[in-house]
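Note sheet for the following structure.
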Amino acid sequence: MKKALLIIDLQNDYFPQGKFPLWNTEVTLNNILEAIKICKDKNYQIVHIQHIADPNLGLAPFFIKDSEGVQIVPEILEAAPNAPIVIKTYADGFVKTNLNEVLEKLDVDELLVCGMMTQNCVTHTSISNKKTKNYKTSILMDACTSVSEPIHLIGLAATLTWDVSLIS
């Protein structure tokens, strides 16, 4: 199986100086950087997924197009500078994006998912693929975060009925 690491929404607005800072972001960032290193050593594919708010979908308090907050954090881009970037406007990385096409072009059949927010974009992307291609999917539990630890854990637990593996 050819694996890909999906890095979801590692964007400035979720960090302490951003418009919507999350819980445990520095630990999560370091764990994702370590995951990138491991994946590169194993020759796994890496894909960035970036959320850009669509003003036509309603009020967008963060991830505003062309803002500093919408940018992927520099450490992540430096760690995987050649990885494709998939732009999304919904929580689910597969909805109205080219993610499935990118993964098919990379000949991927297994996903390792990490990023922000656990109960939203991470879980939605992880379970959505069952409707698209049915990739084998695992969430890197220590490489995700949310607004708080309880919400993070609730999000992880919600994926268990969807045949998504949790690994730390």
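A note on labels: chains of the structure tokens are A, B, ... as shown, every chain counts residues from 1, and ligands are counted from 1 in their shown order.
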
Hey, could you make a per-residue contact list for segment 13-67 of chain A against segment 108-129 of chain A with 10 Å as the cut-off, showing the nearest pair of atoms and its distance in Å to one decimal, counting only C-alpha atoms, sorted by chain and number, as JSON lines?
```
{"residue": "A:Tyr14", "atom": "CA", "partner": "A:Met116", "partner_atom": "CA", "distance": 8.0}
{"residue": "A:Leu22", "atom": "CA", "partner": "A:Met117", "partner_atom": "CA", "distance": 8.3}
{"residue": "A:Trp23", "atom": "CA", "partner": "A:Met117", "partner_atom": "CA", "distance": 9.9}
{"residue": "A:Thr25", "atom": "CA", "partner": "A:Met116", "partner_atom": "CA", "distance": 9.0}
{"residue": "A:Thr28", "atom": "CA", "partner": "A:Gly115", "partner_atom": "CA", "distance": 7.8}
{"residue": "A:Leu29", "atom": "CA", "partner": "A:Gly115", "partner_atom": "CA", "distance": 8.5}
{"residue": "A:Asn31", "atom": "CA", "partner": "A:Cys114", "partner_atom": "CA", "distance": 9.5}
{"residue": "A:Ile32", "atom": "CA", "partner": "A:Cys114", "partner_atom": "CA", "distance": 7.2}
{"residue": "A:Ala35", "atom": "CA", "partner": "A:Cys114", "partner_atom": "CA", "distance": 9.1}
{"residue": "A:Cys39", "atom": "CA", "partner": "A:Leu112", "partner_atom": "CA", "distance": 9.6}
{"residue": "A:Tyr44", "atom": "CA", "partner": "A:Val108", "partner_atom": "CA", "distance": 9.0}
{"residue": "A:Gln45", "atom": "CA", "partner": "A:Val108", "partner_atom": "CA", "distance": 7.9}
{"residue": "A:Ile46", "atom": "CA", "partner": "A:Leu112", "partner_atom": "CA", "distance": 9.4}
{"residue": "A:Val47", "atom": "CA", "partner": "A:Val113", "partner_atom": "CA", "distance": 9.9}
{"residue": "A:His48", "atom": "CA", "partner": "A:Gly115", "partner_atom": "CA", "distance": 9.7}
{"residue": "A:Ile49", "atom": "CA", "partner": "A:Gly115", "partner_atom": "CA", "distance": 9.1}
{"residue": "A:His51", "atom": "CA", "partner": "A:Cys121", "partner_atom": "CA", "distance": 9.3}
```

Could you write out the selected residues, including N, CA, C and O atoms, as a short mmCIF file (atom, residue, chain, number, x, y, z; two decimals), in the first residue's frame?
```cif
data_model
loop_
_atom_site.label_atom_id
_atom_site.label_comp_id
_atom_site.auth_asym_id
_atom_site.auth_seq_id
_atom_site.Cartn_x
_atom_site.Cartn_y
_atom_site.Cartn_z
N TYR A 14 -4.96 29.36 13.84
CA TYR A 14 -5.17 28.42 14.93
C TYR A 14 -4.09 28.49 16.01
O TYR A 14 -4.16 27.78 17.01
N LEU A 22 -6.15 27.42 19.19
CA LEU A 22 -6.61 26.14 19.71
C LEU A 22 -5.75 25.69 20.89
O LEU A 22 -4.70 26.26 21.17
N TRP A 23 -6.19 24.63 21.53
CA TRP A 23 -5.50 24.00 22.64
C TRP A 23 -4.31 23.19 22.11
O TRP A 23 -4.41 22.54 21.07
N THR A 25 -1.40 23.63 20.62
CA THR A 25 -0.92 23.79 19.25
C THR A 25 0.58 23.53 19.09
O THR A 25 0.99 22.95 18.08
N THR A 28 1.22 19.80 19.16
CA THR A 28 0.68 19.25 17.91
C THR A 28 1.59 19.57 16.74
O THR A 28 1.90 18.68 15.93
N LEU A 29 2.04 20.81 16.65
CA LEU A 29 2.96 21.20 15.57
C LEU A 29 4.22 20.34 15.60
O LEU A 29 4.64 19.81 14.57
N ASN A 31 4.64 17.38 16.89
CA ASN A 31 4.31 16.00 16.54
C ASN A 31 4.10 15.84 15.04
O ASN A 31 4.48 14.81 14.45
N ILE A 32 3.50 16.84 14.42
CA ILE A 32 3.32 16.78 12.96
C ILE A 32 4.66 16.90 12.25
O ILE A 32 4.91 16.20 11.27
N ALA A 35 6.10 13.59 12.39
CA ALA A 35 5.41 12.70 11.45
C ALA A 35 5.88 12.95 10.02
O ALA A 35 6.07 11.99 9.25
N CYS A 39 7.57 10.16 7.68
CA CYS A 39 6.95 9.86 6.39
C CYS A 39 7.93 10.08 5.23
O CYS A 39 7.96 9.29 4.28
N TYR A 44 6.73 8.10 2.05
CA TYR A 44 5.29 8.30 1.94
C TYR A 44 5.03 9.66 1.30
O TYR A 44 5.83 10.58 1.43
N GLN A 45 3.91 9.78 0.66
CA GLN A 45 3.50 11.06 0.08
C GLN A 45 3.01 11.98 1.19
O GLN A 45 2.54 11.51 2.23
N ILE A 46 3.11 13.27 0.97
CA ILE A 46 2.61 14.27 1.92
C ILE A 46 1.74 15.24 1.15
O ILE A 46 2.09 15.68 0.05
N VAL A 47 0.58 15.56 1.72
CA VAL A 47 -0.36 16.50 1.10
C VAL A 47 -0.81 17.50 2.15
O VAL A 47 -1.26 17.12 3.23
N HIS A 48 -0.66 18.79 1.82
CA HIS A 48 -1.19 19.86 2.67
C HIS A 48 -2.64 20.11 2.26
O HIS A 48 -2.95 20.12 1.07
N ILE A 49 -3.49 20.35 3.25
CA ILE A 49 -4.86 20.77 2.97
C ILE A 49 -5.06 22.09 3.70
O ILE A 49 -4.83 22.20 4.90
N HIS A 51 -7.58 25.45 4.40
CA HIS A 51 -8.94 25.99 4.38
C HIS A 51 -8.90 27.48 4.06
O HIS A 51 -8.19 28.23 4.73
#
```

Which residue is closest to Pro55 of chain A? Choose from A:Ile167, A:Glu34, A:Thr89, A:His152 and count only C-alpha atoms.
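Counting only C-alpha atoms, the residue closest to Pro55 of chain A is A:Thr89.
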
In chain A, what's strand (DSSP E or B) per DSSP? Answer as an MDAnalysis selection string?
chainID A and resid 3:8 11 45:51 72 85:88 110:116 136:145 165:167

Residues within 9 Å of Glu149 of chain A, please, as a PyMOL selection string. Count only C-alpha atoms; anything in the same chain fewer than 4 positions from it doesn't count.
chain A and resi 23-24+145+153-154

The selected residues should be written to file as a PDB file, in the first residue's frame (atoms: N, CA, C and O atoms).
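Output (selection-v8.pdb):
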```
ATOM      1  N   TRP A  23      -6.191  24.630  21.528  1.00  0.00           N
ATOM      2  CA  TRP A  23      -5.498  23.998  22.643  1.00  0.00           C
ATOM      3  C   TRP A  23      -4.312  23.189  22.109  1.00  0.00           C
ATOM      4  O   TRP A  23      -4.407  22.539  21.075  1.00  0.00           O
ATOM      5  N   ASN A  24      -3.185  23.227  22.794  1.00  0.00           N
ATOM      6  CA  ASN A  24      -2.073  22.302  22.569  1.00  0.00           C
ATOM      7  C   ASN A  24      -1.420  22.428  21.185  1.00  0.00           C
ATOM      8  O   ASN A  24      -0.927  21.439  20.631  1.00  0.00           O
ATOM      9  N   THR A 145      -5.393  18.426  17.095  1.00  0.00           N
ATOM     10  CA  THR A 145      -5.851  19.180  18.255  1.00  0.00           C
ATOM     11  C   THR A 145      -7.183  19.842  17.954  1.00  0.00           C
ATOM     12  O   THR A 145      -7.670  19.816  16.825  1.00  0.00           O
ATOM     13  N   LEU A 153     -10.829  14.550  22.203  1.00  0.00           N
ATOM     14  CA  LEU A 153     -11.089  13.137  22.482  1.00  0.00           C
ATOM     15  C   LEU A 153     -12.462  12.692  21.984  1.00  0.00           C
ATOM     16  O   LEU A 153     -12.613  11.580  21.462  1.00  0.00           O
ATOM     17  N   ILE A 154     -13.454  13.554  22.114  1.00  0.00           N
ATOM     18  CA  ILE A 154     -14.796  13.241  21.600  1.00  0.00           C
ATOM     19  C   ILE A 154     -14.743  13.075  20.081  1.00  0.00           C
ATOM     20  O   ILE A 154     -15.342  12.151  19.521  1.00  0.00           O
TER      21      ILE A 154
END
```

Of the residues A:Tyr90, A:Pro74, A:Gly69, A:Glu26, which is the one nearest to Asp54 of chain A, using only C-alpha atoms?
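Between A:Tyr90, A:Pro74, A:Gly69, A:Glu26, the residue approaching Asp54 of chain A most closely is A:Tyr90.
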
For a quick check of understanding, using only C-alpha atoms, which of A:Tyr135, A:Phe94, A:Phe62, A:Phe20 has the smallest distance to Ile8 of chain A?
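Checking each candidate against Ile8 of chain A, we get A:Phe94 as the closest.
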
Run DSSP on the backbone and give me the residues of chain A it puts in helix (DSSP H, G or I), as number ranges by chain.
A: 12-14, 25-41, 55-57, 74-79, 99-105, 118-132, 149-158, 160-162

In terms of the shortest atom-to-atom distance over only C-alpha atoms, which of A:Gln50, A:Asn100, A:Asn134, A:Ser67 is closest to Lys88 of chain A?
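The shortest atom-to-atom distance to Lys88 of chain A comes from A:Gln50.
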
In Å, rounded to a single decimal, give me how far atom CA of Ala79 of chain A is from atom CA of Ile36 of chain A.
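Interatomic distance, atom CA of Ile36 of chain A to atom CA of Ala79 of chain A: 6.9 Å.
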